[in-house]
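Chemist: Quick one: the structure is below, and I'll ask about it shortly.
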Amino acid sequence: MDNRETIPGYKVYVDPETGEQPPVHVAYLGIRSDPHAHVSGVALEVTPGELARLDRRERNYDRRDIGDLVDADVDGPVWAYVGSSAGRQRLATGRATGTAVVSAGYLDGVRQGFEALGLLDDFEATTDPLDLPVVPLLRRDVGA
């Protein structure tokens, strides 16, 4: 995400020491198709309303049905959020300008989530080494 923009109803990141909104591009996890790799995850049933809320929350991603790729018996579509072309372009811009970063708190939260699911080894084994700086940032939700 381009942290220089403040989008009503979304979020920004601030420097924990100064409270200022740094002009960075904040990167998030993404998945991509690779016939030699797998992604560990959990399938949860959601209502149409919950799915709509997820779509709004995951605004840097496109929702795709990956049911044909899932090795489990699931009744109905299986959705995954894949980095949108606009989100990938923002990341490319951040890389090109040297402003792409990963929030340390976000990375810690993802790692803790995998650990809570007993998937920490999978997280470490299937996550590409970070080639972006990990920086301390605080997430701030922006009102509508």
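Going through the structure tokens in order, the chains are called A, B, and so on, while each chain numbers its residues from 1 and the ligands are numbered from 1 in the order shown.
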So that I can see what lies close to stretch 102-105 of chain A, please list as number ranges by chain the residues with an atom at most 9 Å from it, counting only C-alpha atoms and leaving out residues fewer than 3 positions away in the same chain.

Modeler: A: 13, 25-28, 108-110, 130, 132-139

Chemist: Using only C-alpha atoms, determine which residues lie at most 10 Å from A:Glu5, disregarding the query and same-chain residues fewer than 5 positions distant; provide the list as a ChimeraX atom specification.

Modeler: /A:11-12,21,23-25

Chemist: Within 12 Å of A:Glu58, counting only C-alpha atoms, which residues show up once you throw out same-chain ones fewer than 2 positions away? Write them as a PyMOL selection string, please.

Modeler: chain A and resi 1+10-11+28-30+51-56+60-63+80-84+87

Chemist: Please report the interatomic distance between atom CA of A:Gly19 and atom CA of A:Arg140 in Å with one decimal.

Modeler: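 Computing it gives 10.1 Å between the two atoms.
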
Chemist: Could you pull out the strand (DSSP E or B) residues of chain A, going by DSSP on the backbone, and write them as a list in words?

Modeler: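 After running DSSP on the backbone, chain A has strand (DSSP E or B) at Asp2, Lys11, Val12, Tyr13, Val14, His25, Val26, Tyr61, Asp62, Arg63, Arg64, Asp65, Trp79, Ala80, Tyr81, Val82, Gly83, Ala100, Val101, Val102, Ser103, Val134, Val135, Leu138, Arg139, Arg140 and Asp141 of chain A.
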
Chemist: Name the residues of stretch 44-124 of chain A that fall into alpha helix (DSSP H) according to DSSP on the backbone, using the chain letters and numbers of this document, as number ranges by chain.

Modeler: A: 48-57, 85-97, 104-116, 120-124

Chemist: Using only C-alpha atoms, pick whichever of A:Leu91, A:Ala100, A:Gly49, A:Gly41 has the shortest atom-to-atom distance to A:Val78.

Modeler: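 Between A:Leu91, A:Ala100, A:Gly49, A:Gly41, the residue approaching A:Val78 most closely is A:Gly41.
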
Chemist: Just give me the gap between atom CA of A:Leu119 and atom CA of A:Gly67 in Å, one decimal is fine.

Modeler: 20.8 Å
